[in-house]
$ cat upload31.txt   # compact mmCIF, C-alpha atoms
# COMPACT_ATOMS: atom_id res chain seq x y z
CA MET A 140 0.00 0.00 0.00
CA LYS A 141 1.44 3.36 -1.00
CA GLY A 142 2.31 5.59 1.91
CA ASN A 143 2.60 2.83 4.53
CA ILE A 144 5.74 3.78 6.44
CA GLY A 145 6.10 0.35 8.06
CA GLU A 146 6.57 -1.37 4.70
CA GLY A 147 9.97 -1.60 3.09
CA LYS A 148 13.37 -1.60 4.72
CA LEU A 149 13.78 2.17 4.98
CA GLY A 150 10.32 2.66 6.43
CA TYR A 151 10.82 -0.08 9.00
CA ASN A 152 14.22 1.30 10.00
CA LEU A 153 12.64 4.73 10.41
CA ILE A 154 9.98 3.25 12.70
CA LYS A 155 12.79 1.70 14.76
CA LEU A 156 14.54 5.07 14.90
CA PHE A 157 11.34 6.82 15.99
CA CYS A 158 10.88 4.18 18.70
CA TYR A 159 14.40 4.92 19.95
CA MET A 160 13.78 8.69 19.93
CA ILE A 161 10.38 8.46 21.58
CA THR A 162 11.46 6.06 24.33
CA SER A 163 14.53 8.26 24.82
CA ALA A 164 12.28 11.30 25.25
CA ARG A 165 10.20 9.44 27.82
CA GLY A 166 13.29 8.17 29.62
CA CYS A 167 14.87 11.61 29.75
CA VAL A 168 12.01 12.88 31.93
CA GLU A 169 13.55 10.94 34.82
CA GLU A 170 17.06 9.93 33.76
CA PRO A 171 20.35 11.74 34.52
CA LYS A 172 20.70 15.12 32.80
CA LEU A 173 23.62 14.07 30.58
CA TYR A 174 21.57 11.25 29.02
CA GLY A 175 19.62 13.92 27.09
CA PRO A 176 22.55 15.24 25.02
CA PHE A 177 23.83 11.70 24.57
CA ARG A 178 20.49 10.45 23.17
CA LEU A 179 20.25 13.47 20.85
CA ILE A 180 23.72 13.03 19.44
CA ASP A 181 23.22 9.26 19.19
CA SER A 182 20.03 9.97 17.22
CA VAL A 183 22.04 12.14 14.81
CA GLY A 184 24.43 9.21 14.37
CA ARG A 185 21.55 6.82 13.71
CA ILE A 186 20.00 9.18 11.14
CA ILE A 187 23.31 9.54 9.30
CA THR A 188 23.67 5.74 9.35
CA LEU A 189 20.21 5.40 7.79
CA LEU A 190 21.14 7.94 5.12
CA ASP A 191 24.41 6.13 4.50
CA ASN A 192 22.59 2.82 4.06
CA GLU A 193 20.48 4.51 1.39
CA GLY A 194 23.57 5.92 -0.33
CA LEU A 195 22.64 9.45 0.70
CA ALA A 196 25.46 10.31 3.10
CA ASP A 197 28.19 12.49 1.64
CA ASP A 198 31.82 12.61 2.80
CA PHE A 199 31.05 15.30 5.35
CA LEU A 200 28.32 13.26 7.01
CA LYS A 201 30.45 10.10 6.95
CA LYS A 202 33.28 11.98 8.64
CA GLU A 203 30.95 13.37 11.28
CA LEU A 204 29.45 9.92 11.86
CA ALA A 205 32.91 8.51 12.50
CA LYS A 206 33.52 11.33 15.01
CA ILE A 207 30.23 10.62 16.75
CA GLU A 208 30.87 6.89 17.00
CA GLU A 209 34.37 7.48 18.29
CA SER A 210 33.51 10.04 20.96
CA LYS A 211 29.91 9.61 22.08
CA TYR A 212 30.81 7.21 24.90
CA LEU A 213 32.91 9.92 26.56
CA VAL A 214 29.65 10.82 28.25
CA MET A 215 30.16 7.90 30.62
CA GLN A 216 33.53 8.85 32.00
CA ASP A 217 34.70 12.23 30.75
CA GLU A 218 32.06 14.95 30.89
CA LYS A 219 34.48 17.69 29.87
CA GLY A 220 35.70 15.64 26.91
CA PHE A 221 32.11 14.92 25.89
CA THR A 222 31.25 18.63 26.01
CA LYS A 223 34.33 19.49 23.95
CA PHE A 224 33.32 16.87 21.37
CA LEU A 225 29.82 18.43 21.16
CA ASP A 226 31.37 21.88 20.75
CA GLU A 227 33.41 20.58 17.81
CA LEU A 228 30.32 19.07 16.19
CA VAL A 229 28.51 22.39 16.57
CA ILE A 230 31.33 24.16 14.73
CA ASP A 231 31.49 21.50 11.99
CA PHE A 232 27.76 21.60 11.29
CA THR A 233 27.52 25.39 11.55
CA GLN A 234 30.30 25.68 8.97
CA LYS A 235 28.40 23.27 6.72
CA LEU A 236 25.22 25.30 7.20
CA LYS A 237 27.09 28.48 6.27
CA GLU A 238 28.55 26.90 3.12
CA GLY A 239 25.07 25.78 2.06
CA ALA A 240 23.66 29.25 2.65
CA VAL A 241 26.38 30.84 0.51
CA LYS A 242 25.63 28.43 -2.37
CA LYS A 243 21.92 29.30 -2.21
CA MET B 1457 39.78 -17.37 39.21
CA GLN B 1458 39.14 -16.08 42.71
CA VAL B 1459 35.83 -14.30 43.30
CA PHE B 1460 37.59 -10.97 43.79
CA ASP B 1461 39.43 -11.37 40.49
CA ILE B 1462 36.12 -11.97 38.72
CA ILE B 1463 34.56 -8.96 40.41
CA LYS B 1464 37.41 -6.78 39.16
CA LYS B 1465 37.45 -8.36 35.71
CA ARG B 1466 33.75 -7.76 35.01
CA ARG B 1467 33.14 -4.82 32.68
CA SER B 1468 30.04 -3.39 31.04
CA VAL B 1469 30.56 -4.84 27.57
CA ARG B 1470 28.60 -3.36 24.67
CA PHE B 1471 30.18 -4.94 21.62
CA TYR B 1472 30.09 -8.67 20.98
CA THR B 1473 31.06 -11.17 18.29
CA ASP B 1474 28.34 -12.99 16.33
CA GLU B 1475 29.08 -16.27 18.14
CA ALA B 1476 25.95 -17.61 19.80
CA ILE B 1477 26.03 -18.46 23.50
CA GLU B 1478 25.61 -22.15 24.26
CA GLU B 1479 22.36 -23.09 25.96
CA ASP B 1480 24.09 -24.77 28.92
CA LYS B 1481 25.95 -21.51 29.62
CA LEU B 1482 22.72 -19.53 29.58
CA LYS B 1483 21.20 -22.01 32.02
CA LYS B 1484 24.24 -21.64 34.26
CA LEU B 1485 23.72 -17.87 34.30
CA VAL B 1486 20.11 -18.34 35.34
CA GLU B 1487 21.26 -20.71 38.07
CA ALA B 1488 23.75 -18.12 39.32
CA ALA B 1489 20.90 -15.59 39.50
CA ILE B 1490 18.69 -18.06 41.36
CA TRP B 1491 21.39 -18.49 44.03
CA ALA B 1492 21.40 -14.77 44.81
CA PRO B 1493 20.06 -13.75 48.19
CA SER B 1494 16.43 -12.69 48.27
CA ALA B 1495 14.59 -10.70 50.93
CA GLY B 1496 12.39 -13.09 52.90
CA ASN B 1497 13.45 -15.81 50.47
CA ILE B 1498 10.56 -14.61 48.29
CA HIS B 1499 12.32 -14.65 44.92
CA ALA B 1500 9.59 -12.61 43.26
CA TRP B 1501 11.23 -12.43 39.87
CA ASN B 1502 11.45 -14.26 36.54
CA ILE B 1503 13.68 -14.09 33.50
CA VAL B 1504 12.88 -13.78 29.80
CA ILE B 1505 15.68 -15.04 27.54
CA ILE B 1506 15.90 -13.81 23.96
CA GLN B 1507 18.38 -15.19 21.45
CA ARG B 1508 16.50 -14.60 18.19
CA LYS B 1509 18.24 -11.72 16.41
CA GLY B 1510 15.05 -10.06 15.15
CA ASP B 1511 13.55 -9.99 18.62
CA ILE B 1512 16.75 -8.57 20.14
CA GLU B 1513 16.49 -5.76 17.58
CA LEU B 1514 12.88 -5.08 18.58
CA VAL B 1515 13.79 -4.79 22.26
CA LYS B 1516 16.73 -2.59 21.31
CA ALA B 1517 14.44 -0.20 19.43
CA ILE B 1518 12.60 0.65 22.66
CA SER B 1519 15.65 0.47 24.93
CA PRO B 1520 17.79 3.59 24.50
CA GLY B 1521 20.38 2.21 26.92
CA MET B 1522 21.02 -0.82 24.69
CA LEU B 1523 24.00 0.38 22.72
CA GLY B 1524 26.14 -1.77 20.46
CA ASN B 1525 24.98 -5.32 19.78
CA SER B 1526 24.44 -8.59 21.64
CA THR B 1527 23.62 -12.22 20.90
CA ALA B 1528 21.39 -12.82 23.89
CA LEU B 1529 19.28 -10.84 26.31
CA MET B 1530 18.10 -11.75 29.75
CA ILE B 1531 15.26 -9.56 30.93
CA LEU B 1532 14.82 -9.72 34.68
CA CYS B 1533 11.21 -9.10 35.62
CA ALA B 1534 9.57 -8.52 38.98
CA ASP B 1535 6.50 -10.57 39.77
CA LYS B 1536 4.59 -7.80 41.53
CA ARG B 1537 1.72 -10.05 42.58
CA LYS B 1538 3.99 -12.57 44.27
CA ALA B 1539 6.11 -9.80 45.81
CA TYR B 1540 3.04 -8.11 47.29
CA ALA B 1541 1.42 -11.34 48.45
CA LYS B 1542 4.48 -12.35 50.42
CA GLY B 1543 6.24 -9.08 51.11
CA GLY B 1544 3.55 -6.40 51.19
CA GLU B 1545 4.12 -2.94 49.75
CA VAL B 1546 7.82 -2.87 50.62
CA GLY B 1547 8.23 -6.28 49.02
CA ARG B 1548 6.51 -5.11 45.84
CA ASP B 1549 7.97 -1.61 45.53
CA VAL B 1550 11.47 -1.99 46.97
CA LEU B 1551 12.66 -5.48 47.83
CA SER B 1552 11.74 -7.15 44.54
CA LYS B 1553 13.88 -4.54 42.71
CA MET B 1554 16.78 -5.04 45.11
CA ASP B 1555 16.54 -8.80 44.65
CA ILE B 1556 16.68 -8.35 40.90
CA ALA B 1557 19.73 -6.11 41.16
CA ILE B 1558 21.56 -8.70 43.26
CA ALA B 1559 20.52 -11.51 40.92
CA ALA B 1560 21.76 -9.48 37.93
CA GLN B 1561 25.15 -9.02 39.56
CA ASN B 1562 25.42 -12.76 40.23
CA LEU B 1563 24.52 -13.38 36.61
CA CYS B 1564 27.14 -10.96 35.33
CA LEU B 1565 29.88 -12.38 37.54
CA GLU B 1566 29.11 -15.89 36.34
CA ALA B 1567 29.13 -14.59 32.76
CA THR B 1568 32.63 -13.21 33.38
CA GLU B 1569 33.78 -16.57 34.70
CA LEU B 1570 32.40 -18.26 31.56
CA GLY B 1571 34.26 -15.85 29.27
CA LEU B 1572 31.11 -13.94 28.37
CA GLY B 1573 30.54 -10.21 28.39
CA SER B 1574 27.51 -8.59 29.96
CA CYS B 1575 25.94 -5.20 30.51
CA ILE B 1576 23.13 -4.31 32.90
CA ILE B 1577 20.66 -1.82 31.44
CA ARG B 1578 17.87 0.16 33.03
CA SER B 1579 17.32 2.69 30.24
CA PHE B 1580 14.44 1.00 28.50
CA ASN B 1581 10.72 1.60 28.44
CA ARG B 1582 9.29 -0.98 30.80
CA GLU B 1583 5.72 -0.77 29.54
CA ALA B 1584 6.86 -1.01 25.92
CA VAL B 1585 8.99 -4.08 26.65
CA ARG B 1586 6.16 -5.67 28.63
CA GLY B 1587 3.77 -5.07 25.73
CA LEU B 1588 6.24 -6.25 23.12
CA LEU B 1589 6.78 -9.53 24.96
CA ASP B 1590 3.09 -10.01 25.83
CA LEU B 1591 3.94 -10.31 29.51
CA PRO B 1592 1.12 -10.48 32.06
CA GLU B 1593 0.21 -7.29 33.92
CA ASN B 1594 1.93 -8.39 37.15
CA ILE B 1595 5.26 -9.13 35.43
CA ILE B 1596 7.31 -5.94 35.16
CA PRO B 1597 10.65 -5.85 33.33
CA GLU B 1598 13.16 -4.16 35.64
CA LEU B 1599 16.58 -4.84 34.11
CA VAL B 1600 17.86 -5.96 30.74
CA VAL B 1601 21.20 -7.77 30.68
CA THR B 1602 22.89 -7.93 27.28
CA LEU B 1603 25.16 -10.92 26.75
CA GLY B 1604 27.61 -12.32 24.26
CA TYR B 1605 31.22 -13.17 23.59
CA PRO B 1606 33.09 -9.85 23.88
CA ARG B 1607 34.44 -8.25 20.72
CA SER B 1608 36.11 -5.57 22.80
CA ILE B 1609 36.35 -5.04 26.52
CA PRO B 1610 36.41 -1.48 27.85
CA HIS B 1611 39.17 -0.30 30.13
CA PRO B 1612 38.16 -0.18 33.76
CA PRO B 1613 37.09 3.30 34.81
CA PRO B 1614 38.75 4.76 37.89
CA ARG B 1615 37.29 3.54 41.17
CA ARG B 1616 37.06 5.20 44.56
CA THR B 1617 39.39 4.20 47.35
CA VAL B 1618 38.23 2.33 50.44
CA GLU B 1619 38.87 5.50 52.45
CA ASP B 1620 36.59 7.48 50.16
CA ALA B 1621 33.80 4.90 50.29
CA VAL B 1622 33.71 4.35 54.04
CA ILE B 1623 32.28 7.40 55.78
CA ARG B 1624 32.29 5.95 59.29
CA TRP B 1625 34.09 2.93 60.75
CA ILE B 1626 33.07 2.23 64.30
CA LYS B 1627 35.59 0.12 66.22
CA GLU B 1628 36.41 -0.83 69.75
CA GLU B 1629 38.81 1.75 71.16
CA ASN B 1630 41.70 -0.71 71.44
CA GLU B 1631 41.38 -1.86 67.83
CA GLN B 1632 43.68 -0.36 65.22

$ encode --input "upload31.txt" --output "structure tokens"
Amino acid sequence: MKGNIGEGKLGYNLIKLFCYMITSARGCVEEPKLYGPFRLIDSVGRIITLLDNEGLADDFLKKELAKIEESKYLVMQDEKGFTKFLDELVIDFTQKLKEGAVKK
Amino acid sequence: MQVFDIIKKRRSVRFYTDEAIEEDKLKKLVEAAIWAPSAGNIHAWNIVIIQRKGDIELVKAISPGMLGNSTALMILCADKRKAYAKGGEVGRDVLSKMDIAIAAQNLCLEATELGLGSCIIRSFNREAVRGLLDLPENIIPELVVTLGYPRSIPHPPPRRTVEDAVIRWIKEENEQ
């Protein structure tokens, strides 16, 4: 049936992603404060992975995904390092946003 | 290995090989959990074991704390009806959870002895997992333990010293 999100691999993987994000949102009501940024950045990683599986991730996104996978677990033992890693991602993506705006 | 060595060797493992865990090892883990102490000897808990890959993925989708992969899950569930019947409100709301935590630690230590990795997880949606597994209303998932043969084992994080952990040590005056 056209428009049924649950059908097809991409649709099903999106449902799984939404489940992760929704249960994360519910969990974050009560869980430690730092879980919030971790779940958000992990969601970004999962979205990029989905795009990559569909052949839609460019070199920039692949590079950022590698950074996320390498550094996201800092949240568990190095809060300062985790914050620094988030700051770097902010700069990377802001630069990308700026480049896109210039092209438009 | 001595018990203390196993205690220190246990890590929260999140990445595993694809090798399936043998059934006799899984049974041994359950046995280790059964031998944990239980308040009032009530043992108001049960375990759901999942080895089928597709089902592990489904649980993972509603368990934000389940990072990485695993080849088996043990979901430790409180039997609230049994806990209340034998232990009252404290039994249902407190002791059954404590029992499960102790049982989970036993399970993880035995896993370490058997060369398996494990990770105790509480970041999952209990109602969603209960619904997904069609568990009765009185059976509440409290902890998920991921299991498998470790692909990588994390370095141990720093631990507190004994002096930092003990806030008061009451001795006889002549004891050193």

$ interface_residues --input "upload31.txt" --of "chain A" --to "chain B" --cutoff "10 Å" --atoms "all atoms listed in the file" --output "PyMOL selection string"
chain A and resi 152+154-167+170+174+178+181-182+212+215-216

$ atom_distance --input "upload31.txt" --atom1 "CA of Leu153 (chain A)" --atom2 "CA of Leu204 (chain A)"
17.7 Å

$ atom_distance --input "upload31.txt" --atom1 "CA of Glu1487 (chain B)" --atom2 "CA of Leu1588 (chain B)"
25.7 Å

$ closest_residue --input "upload31.txt" --among "A:Val229, A:Lys235, A:Lys148, A:Ala240" --to "Asp198 (chain A)" --atoms "all atoms listed in the file"
A:Lys235

$ atom_distance --input "upload31.txt" --atom1 "CA of Val1600 (chain B)" --atom2 "CA of Leu1532 (chain B)"
6.2 Å

$ residues_around --input "upload31.txt" --residues "Ala1528 (chain B)" --least-positions-apart "6" --cutoff "8 Å" --atoms "all atoms listed in the file" --output "ChimeraX atom specification"
/B:1476-1477,1505-1508,1512,1602-1604

$ residues_around --input "upload31.txt" --residues "Leu1599 (chain B)" --least-positions-apart "2" --cutoff "8 Å" --atoms "all atoms listed in the file" --output "PDB file with C-alpha atoms, in the frame of the given file"
ATOM      1  CA  ILE B1531      15.260  -9.560  30.930  1.00  0.00           C
ATOM      2  CA  LEU B1532      14.820  -9.720  34.680  1.00  0.00           C
ATOM      3  CA  CYS B1533      11.210  -9.100  35.620  1.00  0.00           C
ATOM      4  CA  ILE B1556      16.680  -8.350  40.900  1.00  0.00           C
ATOM      5  CA  ALA B1557      19.730  -6.110  41.160  1.00  0.00           C
ATOM      6  CA  ALA B1560      21.760  -9.480  37.930  1.00  0.00           C
ATOM      7  CA  ILE B1576      23.130  -4.310  32.900  1.00  0.00           C
ATOM      8  CA  ILE B1577      20.660  -1.820  31.440  1.00  0.00           C
ATOM      9  CA  ARG B1578      17.870   0.160  33.030  1.00  0.00           C
ATOM     10  CA  PRO B1597      10.650  -5.850  33.330  1.00  0.00           C
ATOM     11  CA  VAL B1601      21.200  -7.770  30.680  1.00  0.00           C
TER      12      VAL B1601
END

$ residues_around --input "upload31.txt" --residues "Val214 (chain A)" --least-positions-apart "5" --cutoff "9 Å" --atoms "all atoms listed in the file" --output "PyMOL selection string"
chain A and resi 173-174+176-177+219-222

$ residues_around --input "upload31.txt" --residues "Arg1467 (chain B)" --least-positions-apart "5" --cutoff "8 Å" --atoms "all atoms listed in the file" --output "list in words"
Gly1573, Ser1574, Cys1575, Ile1609, Pro1610, His1611 and Pro1612 of chain B

$ build_atoms --input "upload31.txt" --residues "region 1585-1602 of chain B" --atoms "N, CA and C atoms" --output "mmCIF file, in the coordinates of the input"
data_model
loop_
_atom_site.group_PDB
_atom_site.id
_atom_site.type_symbol
_atom_site.label_atom_id
_atom_site.label_comp_id
_atom_site.auth_asym_id
_atom_site.auth_seq_id
_atom_site.Cartn_x
_atom_site.Cartn_y
_atom_site.Cartn_z
ATOM 1 N N VAL B 1585 8.399 -2.719 26.674
ATOM 2 C CA VAL B 1585 8.990 -4.080 26.650
ATOM 3 C C VAL B 1585 7.961 -5.104 27.112
ATOM 4 N N ARG B 1586 7.194 -4.752 28.148
ATOM 5 C CA ARG B 1586 6.160 -5.670 28.630
ATOM 6 C C ARG B 1586 5.142 -5.959 27.521
ATOM 7 N N GLY B 1587 4.728 -4.907 26.825
ATOM 8 C CA GLY B 1587 3.770 -5.070 25.730
ATOM 9 C C GLY B 1587 4.345 -5.871 24.579
ATOM 10 N N LEU B 1588 5.587 -5.558 24.246
ATOM 11 C CA LEU B 1588 6.240 -6.250 23.120
ATOM 12 C C LEU B 1588 6.321 -7.760 23.374
ATOM 13 N N LEU B 1589 6.589 -8.108 24.619
ATOM 14 C CA LEU B 1589 6.780 -9.530 24.960
ATOM 15 C C LEU B 1589 5.494 -10.199 25.430
ATOM 16 N N ASP B 1590 4.387 -9.467 25.375
ATOM 17 C CA ASP B 1590 3.090 -10.010 25.830
ATOM 18 C C ASP B 1590 3.169 -10.578 27.241
ATOM 19 N N LEU B 1591 3.815 -9.835 28.122
ATOM 20 C CA LEU B 1591 3.940 -10.310 29.510
ATOM 21 C C LEU B 1591 2.666 -9.955 30.280
ATOM 22 N N PRO B 1592 2.296 -10.794 31.245
ATOM 23 C CA PRO B 1592 1.120 -10.480 32.060
ATOM 24 C C PRO B 1592 1.305 -9.173 32.825
ATOM 25 N N GLU B 1593 0.191 -8.591 33.268
ATOM 26 C CA GLU B 1593 0.210 -7.290 33.920
ATOM 27 C C GLU B 1593 1.081 -7.248 35.187
ATOM 28 N N ASN B 1594 1.174 -8.365 35.885
ATOM 29 C CA ASN B 1594 1.930 -8.390 37.150
ATOM 30 C C ASN B 1594 3.430 -8.612 36.940
ATOM 31 N N ILE B 1595 3.839 -8.892 35.721
ATOM 32 C CA ILE B 1595 5.260 -9.130 35.430
ATOM 33 C C ILE B 1595 5.864 -7.875 34.820
ATOM 34 N N ILE B 1596 6.747 -7.233 35.578
ATOM 35 C CA ILE B 1596 7.310 -5.940 35.160
ATOM 36 C C ILE B 1596 8.804 -6.068 34.862
ATOM 37 N N PRO B 1597 9.213 -5.824 33.631
ATOM 38 C CA PRO B 1597 10.650 -5.850 33.330
ATOM 39 C C PRO B 1597 11.384 -4.765 34.119
ATOM 40 N N GLU B 1598 12.417 -5.141 34.831
ATOM 41 C CA GLU B 1598 13.160 -4.160 35.640
ATOM 42 C C GLU B 1598 14.579 -3.939 35.123
ATOM 43 N N LEU B 1599 15.222 -4.985 34.646
ATOM 44 C CA LEU B 1599 16.580 -4.840 34.110
ATOM 45 C C LEU B 1599 16.738 -5.702 32.859
ATOM 46 N N VAL B 1600 17.456 -5.166 31.902
ATOM 47 C CA VAL B 1600 17.860 -5.960 30.740
ATOM 48 C C VAL B 1600 19.354 -6.221 30.879
ATOM 49 N N VAL B 1601 19.768 -7.466 30.690
ATOM 50 C CA VAL B 1601 21.200 -7.770 30.680
ATOM 51 C C VAL B 1601 21.553 -8.250 29.269
ATOM 52 N N THR B 1602 22.428 -7.494 28.602
ATOM 53 C CA THR B 1602 22.890 -7.930 27.280
ATOM 54 C C THR B 1602 24.053 -8.898 27.490
#
